[in-house]
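*Asks:* Just one file: target.pdb, with PDB, C-alpha atoms.
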ATOM      1  CA  MET U   1     171.688-183.917-185.865
ATOM      2  CA  ARG U   2     174.341-183.041-183.270
ATOM      3  CA  ALA U   3     173.288-182.840-179.638
ATOM      4  CA  VAL U   4     175.037-182.541-176.280
ATOM      5  CA  MET U   5     174.052-185.329-173.924
ATOM      6  CA  PHE U   6     175.256-187.268-170.915
ATOM      7  CA  HIS U   7     175.050-191.014-170.375
ATOM      8  CA  GLU U   8     175.837-190.882-166.651
ATOM      9  CA  TYR U   9     175.718-188.308-163.870
ATOM     10  CA  GLY U  10     178.920-186.516-163.017
ATOM     11  CA  GLU U  11     181.173-183.517-163.589
ATOM     12  CA  PRO U  12     181.004-181.319-166.714
ATOM     13  CA  ASN U  13     183.152-183.746-168.676
ATOM     14  CA  VAL U  14     180.229-186.207-168.878
ATOM     15  CA  LEU U  15     178.678-183.848-171.429
ATOM     16  CA  GLN U  16     179.509-185.208-174.862
ATOM     17  CA  VAL U  17     178.470-184.233-178.385
ATOM     18  CA  GLY U  18     176.707-187.121-180.067
ATOM     19  CA  SER U  19     174.228-187.901-182.799
ATOM     20  CA  ALA U  20     170.490-187.752-182.165
ATOM     21  CA  ASP U  21     167.494-188.329-184.400
ATOM     22  CA  ASN U  22     166.283-185.295-186.302
ATOM     23  CA  PRO U  23     163.062-184.085-184.657
ATOM     24  CA  ILE U  24     159.811-184.267-186.578
ATOM     25  CA  ALA U  25     156.919-181.916-185.875
ATOM     26  CA  GLY U  26     153.727-183.490-184.588
ATOM     27  CA  PRO U  27     150.343-182.028-185.602
ATOM     28  CA  ASN U  28     150.523-179.244-182.969
ATOM     29  CA  GLU U  29     154.304-178.842-182.983
ATOM     30  CA  VAL U  30     157.023-176.952-184.797
ATOM     31  CA  VAL U  31     160.689-177.781-185.320
ATOM     32  CA  VAL U  32     163.045-174.966-184.371
ATOM     33  CA  GLU U  33     166.590-174.716-185.664
ATOM     34  CA  LEU U  34     168.335-173.315-182.622
ATOM     35  CA  GLY U  35     170.437-170.199-183.094
ATOM     36  CA  ALA U  36     171.433-169.849-179.433
ATOM     37  CA  ILE U  37     171.070-171.890-176.243
ATOM     38  CA  GLY U  38     171.191-170.560-172.666
ATOM     39  CA  VAL U  39     173.155-172.112-169.815
ATOM     40  CA  ASN U  40     171.693-172.166-166.302
ATOM     41  CA  HIS U  41     172.659-173.296-162.832
ATOM     42  CA  VAL U  42     169.825-175.811-162.736
ATOM     43  CA  GLU U  43     171.511-177.693-165.567
ATOM     44  CA  LEU U  44     174.384-178.422-163.192
ATOM     45  CA  ASP U  45     171.871-180.085-160.869
ATOM     46  CA  VAL U  46     170.432-182.107-163.729
ATOM     47  CA  ARG U  47     173.866-183.178-164.891
ATOM     48  CA  ASP U  48     175.229-184.171-161.464
ATOM     49  CA  GLY U  49     172.046-185.987-160.410
ATOM     50  CA  SER U  50     170.903-183.677-157.613
ATOM     51  CA  SER U  51     167.838-182.242-159.404
ATOM     52  CA  ARG U  52     165.335-184.617-157.717
ATOM     53  CA  PHE U  53     163.956-185.569-161.138
ATOM     54  CA  ASP U  54     163.969-189.102-162.499
ATOM     55  CA  ILE U  55     165.794-188.703-165.791
ATOM     56  CA  ASP U  56     166.076-191.339-168.506
ATOM     57  CA  LEU U  57     169.672-191.557-169.737
ATOM     58  CA  PRO U  58     171.134-190.584-172.124
ATOM     59  CA  HIS U  59     169.718-187.108-171.596
ATOM     60  CA  ILE U  60     169.925-183.819-173.503
ATOM     61  CA  PRO U  61     169.886-180.904-171.032
ATOM     62  CA  GLY U  62     169.007-177.270-171.688
ATOM     63  CA  MET U  63     166.056-175.059-170.749
ATOM     64  CA  GLU U  64     166.502-172.051-173.002
ATOM     65  CA  GLY U  65     166.608-171.643-176.743
ATOM     66  CA  ALA U  66     165.863-169.253-179.577
ATOM     67  CA  GLY U  67     165.982-169.854-183.305
ATOM     68  CA  THR U  68     164.087-170.201-186.562
ATOM     69  CA  VAL U  69     161.014-172.325-187.307
ATOM     70  CA  ILE U  70     161.928-174.811-190.054
ATOM     71  CA  GLU U  71     158.913-177.146-189.941
ATOM     72  CA  VAL U  72     155.268-176.630-188.947
ATOM     73  CA  GLY U  73     152.816-179.331-187.901
ATOM     74  CA  SER U  74     149.587-179.893-189.815
ATOM     75  CA  ASP U  75     147.369-178.275-187.142
ATOM     76  CA  VAL U  76     149.561-175.241-186.411
ATOM     77  CA  THR U  77     148.089-171.906-187.511
ATOM     78  CA  THR U  78     149.992-169.462-185.297
ATOM     79  CA  LEU U  79     153.516-169.864-186.694
ATOM     80  CA  GLU U  80     155.146-170.084-190.097
ATOM     81  CA  VAL U  81     158.347-171.517-191.497
ATOM     82  CA  GLY U  82     161.077-168.886-191.285
ATOM     83  CA  GLN U  83     159.668-167.168-188.204
ATOM     84  CA  ARG U  84     162.119-166.200-185.448
ATOM     85  CA  VAL U  85     161.049-167.442-182.018
ATOM     86  CA  ALA U  86     162.122-167.947-178.416
ATOM     87  CA  MET U  87     160.728-170.771-176.316
ATOM     88  CA  THR U  88     159.307-170.986-172.854
ATOM     89  CA  TYR U  89     160.709-173.993-171.010
ATOM     90  CA  LEU U  90     157.323-175.167-169.692
ATOM     91  CA  ARG U  91     155.451-177.748-171.731
ATOM     92  CA  THR U  92     151.829-177.710-170.574
ATOM     93  CA  CYS U  93     148.501-179.249-171.544
ATOM     94  CA  ASP U  94     147.016-175.900-172.729
ATOM     95  CA  ALA U  95     143.552-177.188-171.758
ATOM     96  CA  CYS U  96     143.237-177.179-167.948
ATOM     97  CA  VAL U  97     141.811-174.348-165.849
ATOM     98  CA  GLU U  98     145.298-173.029-165.002
ATOM     99  CA  CYS U  99     146.421-172.984-168.623
ATOM    100  CA  MET U 100     143.211-171.379-169.851
ATOM    101  CA  SER U 101     143.451-168.632-167.220
ATOM    102  CA  GLY U 102     147.047-167.691-168.041
ATOM    103  CA  ASN U 103     148.519-169.491-165.051
ATOM    104  CA  GLU U 104     150.135-172.287-167.039
ATOM    105  CA  ILE U 105     153.056-172.392-164.601
ATOM    106  CA  PHE U 106     150.665-174.327-162.340
ATOM    107  CA  CYS U 107     149.492-176.781-164.988
ATOM    108  CA  PRO U 108     149.291-180.140-163.165
ATOM    109  CA  THR U 109     150.882-181.971-166.104
ATOM    110  CA  ARG U 110     153.637-179.444-166.867
ATOM    111  CA  THR U 111     157.091-180.708-167.756
ATOM    112  CA  LEU U 112     160.299-178.733-168.138
ATOM    113  CA  LEU U 113     162.658-178.692-171.083
ATOM    114  CA  GLY U 114     165.973-180.219-170.144
ATOM    115  CA  TRP U 115     164.600-181.700-166.936
ATOM    116  CA  GLN U 116     161.809-184.234-167.374
ATOM    117  CA  ILE U 117     162.025-184.014-171.193
ATOM    118  CA  GLN U 118     164.899-183.656-173.654
ATOM    119  CA  GLY U 119     166.234-180.119-173.805
ATOM    120  CA  THR U 120     167.821-177.503-176.024
ATOM    121  CA  TYR U 121     171.502-178.512-176.111
ATOM    122  CA  ALA U 122     171.062-179.535-179.744
ATOM    123  CA  GLU U 123     170.917-178.195-183.275
ATOM    124  CA  ARG U 124     167.133-178.583-183.507
ATOM    125  CA  ILE U 125     164.177-179.299-181.268
ATOM    126  CA  ALA U 126     160.473-180.114-181.740
ATOM    127  CA  VAL U 127     158.102-178.368-179.311
ATOM    128  CA  PRO U 128     154.400-177.483-179.189
ATOM    129  CA  ALA U 129     153.738-174.282-181.111
ATOM    130  CA  SER U 130     152.218-172.810-177.943
ATOM    131  CA  MET U 131     155.680-172.821-176.335
ATOM    132  CA  CYS U 132     157.099-170.511-179.013
ATOM    133  CA  LEU U 133     156.947-166.728-178.869
ATOM    134  CA  PRO U 134     157.806-164.665-181.958
ATOM    135  CA  ILE U 135     160.722-162.263-181.473
ATOM    136  CA  ALA U 136     161.596-159.072-183.307
ATOM    137  CA  ASP U 137     164.345-158.979-185.920
ATOM    138  CA  SER U 138     166.163-156.490-183.685
ATOM    139  CA  LEU U 139     166.532-159.081-180.912
ATOM    140  CA  SER U 140     169.453-161.463-181.337
ATOM    141  CA  PHE U 141     169.030-165.141-180.645
ATOM    142  CA  GLN U 142     171.801-164.869-178.066
ATOM    143  CA  SER U 143     170.089-162.094-176.090
ATOM    144  CA  ALA U 144     166.765-163.923-176.190
ATOM    145  CA  ALA U 145     168.207-167.265-175.080
ATOM    146  CA  ALA U 146     170.228-165.636-172.310
ATOM    147  CA  SER U 147     167.152-163.950-170.816
ATOM    148  CA  ILE U 148     164.347-166.512-170.669
ATOM    149  CA  VAL U 149     165.217-167.910-167.236
ATOM    150  CA  THR U 150     167.050-164.948-165.698
ATOM    151  CA  LEU U 151     165.043-161.936-166.832
ATOM    152  CA  GLY U 152     161.803-163.894-167.043
ATOM    153  CA  SER U 153     162.137-165.182-163.477
ATOM    154  CA  ALA U 154     163.161-161.778-162.129
ATOM    155  CA  TRP U 155     160.301-160.045-163.956
ATOM    156  CA  HIS U 156     157.694-162.406-162.491
ATOM    157  CA  ALA U 157     159.196-162.160-159.002
ATOM    158  CA  LEU U 158     159.562-158.381-158.871
ATOM    159  CA  THR U 159     156.588-157.151-160.899
ATOM    160  CA  SER U 160     153.875-159.790-160.491
ATOM    161  CA  ARG U 161     154.760-161.032-157.006
ATOM    162  CA  ALA U 162     156.593-158.324-155.028
ATOM    163  CA  GLN U 163     155.207-155.442-157.143
ATOM    164  CA  VAL U 164     158.205-153.155-156.684
ATOM    165  CA  LYS U 165     157.241-149.479-156.782
ATOM    166  CA  VAL U 166     159.016-146.230-157.544
ATOM    167  CA  GLY U 167     160.878-144.863-154.525
ATOM    168  CA  GLU U 168     161.209-148.228-152.774
ATOM    169  CA  THR U 169     164.482-149.780-151.678
ATOM    170  CA  VAL U 170     165.265-153.350-152.729
ATOM    171  CA  LEU U 171     167.888-155.714-151.353
ATOM    172  CA  ILE U 172     169.084-158.243-153.936
ATOM    173  CA  HIS U 173     171.017-161.174-152.551
ATOM    174  CA  SER U 174     173.673-162.478-154.962
ATOM    175  CA  ILE U 175     173.282-159.467-157.208
ATOM    176  CA  GLY U 176     176.043-160.741-159.480
ATOM    177  CA  SER U 177     174.048-163.839-160.447
ATOM    178  CA  GLY U 178     171.975-164.162-163.601
ATOM    179  CA  VAL U 179     168.666-163.442-161.877
ATOM    180  CA  GLY U 180     170.379-160.830-159.694
ATOM    181  CA  THR U 181     171.725-158.789-162.603
ATOM    182  CA  ALA U 182     168.343-159.012-164.314
ATOM    183  CA  GLY U 183     166.565-157.984-161.111
ATOM    184  CA  LEU U 184     168.844-154.969-160.793
ATOM    185  CA  GLN U 185     167.808-153.719-164.229
ATOM    186  CA  ILE U 186     164.119-154.237-163.460
ATOM    187  CA  CYS U 187     164.309-152.410-160.131
ATOM    188  CA  LYS U 188     166.180-149.434-161.572
ATOM    189  CA  LYS U 189     163.694-149.126-164.445
ATOM    190  CA  ALA U 190     160.913-149.183-161.844
ATOM    191  CA  GLY U 191     162.518-146.258-160.010
ATOM    192  CA  ALA U 192     163.714-148.208-156.961
ATOM    193  CA  ARG U 193     167.000-147.967-155.074
ATOM    194  CA  VAL U 194     169.011-151.182-155.005
ATOM    195  CA  ILE U 195     171.335-152.665-152.402
ATOM    196  CA  GLY U 196     173.193-155.799-153.404
ATOM    197  CA  THR U 197     175.199-158.535-151.745
ATOM    198  CA  VAL U 198     178.037-160.368-153.499
ATOM    199  CA  GLY U 199     180.338-163.204-152.500
ATOM    200  CA  SER U 200     183.614-161.602-153.579
ATOM    201  CA  ASP U 201     185.046-158.088-153.708
ATOM    202  CA  ALA U 202     185.703-158.510-157.430
ATOM    203  CA  LYS U 203     181.963-158.344-158.114
ATOM    204  CA  ILE U 204     181.306-155.110-156.222
ATOM    205  CA  GLN U 205     182.369-152.648-158.916
ATOM    206  CA  GLN U 206     180.597-154.623-161.600
ATOM    207  CA  ALA U 207     177.278-154.257-159.774
ATOM    208  CA  LEU U 208     177.889-150.573-159.072
ATOM    209  CA  ASP U 209     178.685-149.969-162.742
ATOM    210  CA  ALA U 210     175.420-151.731-163.625
ATOM    211  CA  GLY U 211     173.462-149.233-161.526
ATOM    212  CA  ALA U 212     173.306-150.583-157.969
ATOM    213  CA  ASP U 213     173.301-147.902-155.267
ATOM    214  CA  HIS U 214     175.225-149.851-152.630
ATOM    215  CA  VAL U 215     177.016-153.200-152.827
ATOM    216  CA  PHE U 216     178.986-155.153-150.248
ATOM    217  CA  ASN U 217     180.581-158.546-149.707
ATOM    218  CA  HIS U 218     178.392-160.643-147.421
ATOM    219  CA  GLN U 219     181.431-162.773-146.567
ATOM    220  CA  SER U 220     183.066-159.865-144.736
ATOM    221  CA  HIS U 221     179.997-157.822-143.731
ATOM    222  CA  ASP U 222     176.917-158.851-141.780
ATOM    223  CA  PHE U 223     174.222-158.098-144.330
ATOM    224  CA  VAL U 224     171.590-157.077-141.757
ATOM    225  CA  GLU U 225     173.937-154.597-140.058
ATOM    226  CA  GLU U 226     175.148-153.254-143.408
ATOM    227  CA  VAL U 227     171.629-152.721-144.756
ATOM    228  CA  MET U 228     170.365-151.058-141.596
ATOM    229  CA  ALA U 229     173.364-148.746-141.482
ATOM    230  CA  TYR U 230     172.990-147.751-145.133
ATOM    231  CA  THR U 231     169.240-147.114-144.783
ATOM    232  CA  GLN U 232     169.734-145.253-141.475
ATOM    233  CA  GLY U 233     167.765-147.867-139.581
ATOM    234  CA  ARG U 234     164.751-147.943-141.898
ATOM    235  CA  GLY U 235     165.428-151.206-143.680
ATOM    236  CA  VAL U 236     164.347-152.188-147.182
ATOM    237  CA  ASP U 237     160.902-152.526-148.683
ATOM    238  CA  VAL U 238     161.629-155.624-150.774
ATOM    239  CA  VAL U 239     164.159-158.459-150.761
ATOM    240  CA  LEU U 240     164.882-160.582-153.838
ATOM    241  CA  ASP U 241     166.474-163.819-152.647
ATOM    242  CA  MET U 242     168.064-166.523-154.770
ATOM    243  CA  VAL U 243     170.133-167.941-151.893
ATOM    244  CA  GLY U 244     167.864-169.392-149.212
ATOM    245  CA  GLY U 245     169.449-170.534-145.956
ATOM    246  CA  GLU U 246     170.501-167.794-143.575
ATOM    247  CA  ALA U 247     169.876-165.074-146.161
ATOM    248  CA  PHE U 248     166.227-166.099-146.344
ATOM    249  CA  ALA U 249     165.740-166.507-142.596
ATOM    250  CA  ARG U 250     167.470-163.286-141.496
ATOM    251  CA  SER U 251     166.241-160.961-144.249
ATOM    252  CA  MET U 252     163.229-159.936-142.169
ATOM    253  CA  PHE U 253     165.605-158.136-139.807
ATOM    254  CA  ALA U 254     166.800-155.981-142.712
ATOM    255  CA  MET U 255     163.245-155.108-143.802
ATOM    256  CA  ARG U 256     160.879-152.309-142.908
ATOM    257  CA  PRO U 257     157.566-153.189-141.262
ATOM    258  CA  SER U 258     155.291-154.686-143.929
ATOM    259  CA  GLY U 259     158.327-155.538-146.049
ATOM    260  CA  ARG U 260     158.106-158.212-148.750
ATOM    261  CA  LEU U 261     160.577-160.967-149.517
ATOM    262  CA  VAL U 262     160.280-162.913-152.750
ATOM    263  CA  THR U 263     162.370-166.029-153.190
ATOM    264  CA  VAL U 264     163.265-167.815-156.413
ATOM    265  CA  GLY U 265     165.963-170.228-155.231
ATOM    266  CA  ALA U 266     167.605-171.937-152.288
ATOM    267  CA  HIS U 267     171.017-173.313-153.239
ATOM    268  CA  GLY U 268     172.361-171.882-149.976
ATOM    269  CA  GLY U 269     169.936-173.931-147.875
ATOM    270  CA  GLU U 270     166.514-175.373-148.578
ATOM    271  CA  VAL U 271     165.343-175.819-144.976
ATOM    272  CA  VAL U 272     165.614-172.838-142.601
ATOM    273  CA  GLU U 273     164.696-171.760-139.076
ATOM    274  CA  LEU U 274     162.340-168.797-138.911
ATOM    275  CA  ASP U 275     161.760-166.336-136.065
ATOM    276  CA  VAL U 276     157.965-166.430-136.107
ATOM    277  CA  ILE U 277     157.588-163.718-133.440
ATOM    278  CA  SER U 278     159.497-161.137-135.497
ATOM    279  CA  PHE U 279     157.709-162.373-138.594
ATOM    280  CA  PHE U 280     154.194-161.561-137.425
ATOM    281  CA  ARG U 281     155.056-158.541-135.292
ATOM    282  CA  ASN U 282     156.572-156.771-138.286
ATOM    283  CA  HIS U 283     153.851-157.776-140.772
ATOM    284  CA  VAL U 284     156.479-159.365-142.983
ATOM    285  CA  THR U 285     155.390-161.084-146.197
ATOM    286  CA  TYR U 286     157.418-164.001-147.549
ATOM    287  CA  MET U 287     156.368-165.158-151.006
ATOM    288  CA  GLY U 288     157.593-167.773-153.441
ATOM    289  CA  SER U 289     158.051-167.216-157.141
ATOM    290  CA  HIS U 290     158.705-169.747-159.883
ATOM    291  CA  SER U 291     158.946-169.376-163.652
ATOM    292  CA  MET U 292     156.871-166.866-165.571
ATOM    293  CA  SER U 293     153.749-166.953-167.709
ATOM    294  CA  ARG U 294     153.994-166.842-171.496
ATOM    295  CA  LEU U 295     152.332-163.429-171.405
ATOM    296  CA  GLU U 296     155.060-162.184-169.055
ATOM    297  CA  LEU U 297     157.818-163.724-171.168
ATOM    298  CA  GLY U 298     156.374-162.030-174.236
ATOM    299  CA  LYS U 299     156.581-158.686-172.445
ATOM    300  CA  VAL U 300     160.182-159.379-171.430
ATOM    301  CA  LEU U 301     161.135-160.238-175.024
ATOM    302  CA  ASP U 302     159.534-156.996-176.245
ATOM    303  CA  LEU U 303     161.501-154.995-173.661
ATOM    304  CA  LEU U 304     164.686-156.710-174.762
ATOM    305  CA  ALA U 305     163.934-155.915-178.388
ATOM    306  CA  ASP U 306     163.470-152.188-177.753
ATOM    307  CA  GLY U 307     166.636-151.974-175.644
ATOM    308  CA  THR U 308     164.961-151.421-172.274
ATOM    309  CA  PHE U 309     166.871-154.407-170.888
ATOM    310  CA  VAL U 310     170.259-155.735-171.971
ATOM    311  CA  PRO U 311     171.378-159.180-170.772
ATOM    312  CA  GLU U 312     174.925-159.703-169.553
ATOM    313  CA  ILE U 313     176.428-162.472-171.668
ATOM    314  CA  HIS U 314     179.636-163.963-170.284
ATOM    315  CA  GLY U 315     180.651-165.852-173.399
ATOM    316  CA  VAL U 316     179.533-167.738-176.482
ATOM    317  CA  TYR U 317     180.563-171.359-177.050
ATOM    318  CA  PRO U 318     179.994-173.980-179.766
ATOM    319  CA  LEU U 319     178.176-177.186-178.867
ATOM    320  CA  GLU U 320     181.525-178.985-178.645
ATOM    321  CA  GLU U 321     182.485-176.774-175.695
ATOM    322  CA  ALA U 322     179.317-177.329-173.656
ATOM    323  CA  SER U 323     181.301-178.743-170.748
ATOM    324  CA  GLU U 324     183.469-175.611-170.687
ATOM    325  CA  ALA U 325     180.388-173.380-170.763
TER
END
Would you give me this structure, written as structure tokens?
*Replies:*
Amino acid sequence: MRAVMFHEYGEPNVLQVGSADNPIAGPNEVVVELGAIGVNHVELDVRDGSSRFDIDLPHIPGMEGAGTVIEVGSDVTTLEVGQRVAMTYLRTCDACVECMSGNEIFCPTRTLLGWQIQGTYAERIAVPASMCLPIADSLSFQSAAASIVTLGSAWHALTSRAQVKVGETVLIHSIGSGVGTAGLQICKKAGARVIGTVGSDAKIQQALDAGADHVFNHQSHDFVEEVMAYTQGRGVDVVLDMVGGEAFARSMFAMRPSGRLVTVGAHGGEVVELDVISFFRNHVTYMGSHSMSRLELGKVLDLLADGTFVPEIHGVYPLEEASEA
């Protein structure tokens, strides 16, 4: 089969289409013929060598995929050939306490597609049947693949972790990002007001058109001053942060007492200074969020299928143009 792989770390041009062995389903596995593959920022880290994972080269990246089951292992009873599925990117043991309690994101032996194990940038892939979630005929492979990381991560962060409520105000850093645009949809459906930061003026109108209540360029506006002015000094109830760095450290000054910040990334700075006095005096809650459970992803896929959420897809590329994507 054809697969996109890299033999050395580097810029996008190290991604090359090559030939890989056709996958064969093990007893508890299925082979999925991929109809669409998602592209994520973390794949840049994998490709350029900054992911902190030891990767055996050549490597096939890719975390997201949706397609059709074309082979079923001898012990699989939950899926059939011809079934349309999307895949979670977490391969887990399915037997430990965390897995059995629905917290498989904390499985001690978990591995991630496209990171520690070969990923989805290919025509076909073999994965445990437990990683596959059936999707409705009304949901395109493209919409499913484009939403696993972005909408799944935002759903877990905002509903399970921060528990955004109707009438609350949410600040979304980098609202034009994949998780940011997904978070905006989730917050608006929950009945919350949304303030967003962007890195360029060109992204302001796009976020406003998508439903944000107030958007500004953090390059030209101090985000704490802007938020406090817009909220008339009250601050926000929740912050969704994908940036880290100064955005993470200073967000407490844009929050109401007992405000909650949930973070899902830190490309803007992984180690920060924190004003501990303001932190405890204002009863601020900082919480981490990573991945999503299969139950949560199933809910997200259902909400995509019925039109509640619509992913923003920038473009569609063949495998040969993976480096361009």
*Asks:* Name all residues at most 8 Å from Leu304 in chain U (count all atoms listed in the file; drop same-chain ones fewer than 6 positions away) and give them as number ranges by chain.
*Replies:* U: 139, 143-144, 310
*Asks:* Counting all atoms listed in the file, figure out which residue out of U:Val76, U:Val31, U:Val46, U:Val239 gets nearest to Ala157 in chain U.
*Replies:* U:Val239
*Asks:* Can you give me, as an MDAnalysis selection string, the residues this file yields under the PyMOL selection byres ((chain U and resi 318) around 12)?
*Replies:* chainID U and resid 2:4 17 35:38 121:123 315:317 319:325
*Asks:* Using only C-alpha atoms, can you tell me which of U:Met292, U:Ile175, U:Leu158, U:Val164 comes closest to Val262 in chain U?
*Replies:*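 Among the listed residues, U:Leu158 lies closest to Val262 in chain U.
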*Asks:* Convert the output of the PyMOL selection byres ((chain U and resi 113) around 7) on the shown file into explicit residues, formatted as number ranges by chain.
*Replies:* U: 62-63, 89-90, 111-112, 114-119
*Asks:* Taking (156.2, -178.1, -185.7) in the file's coordinates, which residues come within 12 Å, counting all atoms listed in the file, written as a PyMOL selection string?
*Replies:* chain U and resi 23-33+68-83+124-132
*Asks:* Give me the box for range 5-14 of chain U as JSON, namely the centre and edge lengths in Å to one decimal of a box along x, y and z that holds every listed atom plus 4 Å on each side.
*Replies:*
{"center_x": 178.6, "center_y": -186.2, "center_z": -168.5, "size_x": 17.1, "size_y": 17.7, "size_z": 18.9}
*Asks:* Could you tell me which of U:Val238, U:Val198, U:Leu301, U:Leu171 comes closest to Ala66 in chain U if we count all atoms listed in the file?
*Replies:*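 Of the candidates, the smallest distance to Ala66 in chain U is held by U:Leu301.
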*Asks:* Can you work out which one of U:Pro58, U:Gly233, U:Pro311, U:Gly10 has the shortest atom-to-atom distance to Ile186 in chain U, counting all atoms listed in the file?
*Replies:*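 Looking only at the distances to Ile186 in chain U, the closest residue turns out to be U:Pro311.
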*Asks:* For the file shown, what are the residues hit by the PyMOL selection byres ((chain U and resi 224-232) around 10), laid out as a list in words?
*Replies:*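 Evaluating the PyMOL selection byres ((chain U and resi 224-232) around 10) on these coordinates yields Thr169, Leu171, Ile195, Gly196, Thr197, His214, Val215, Phe216, Asn217, His218, His221, Asp222, Phe223, Gly233, Arg234, Gly235, Val236, Ala247, Arg250, Ser251, Met252, Phe253, Ala254, Met255 and Arg256 of chain U.
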*Asks:* Nearest residue to Gly67 in chain U out of U:Arg294, U:His267, U:Arg52, U:Arg84, using only C-alpha atoms?
*Replies:* U:Arg84
*Asks:* For Gly298 in chain U, find every residue with an atom within 12 Å (counting all atoms listed in the file), except residues of its own chain fewer than 6 positions away, and show them as a list in words.
*Replies:* Val85, Ala86, Met87, Thr88, Met131, Cys132, Leu133, Pro134, Ile135, Ala136, Ala144, Ser147, Ile148, Leu151, Gly152, Trp155, His156, Met292, Leu304 and Ala305 of chain U
*Asks:* Which polymer residues have any atom within 8 Å of an atom of Gly245 in chain U, counting all atoms listed in the file, with same-chain residues fewer than 4 positions away left out, as a list in words?
*Replies:* Ala249, Ala266, His267, Gly268, Gly269, Glu270, Val271 and Val272 of chain U
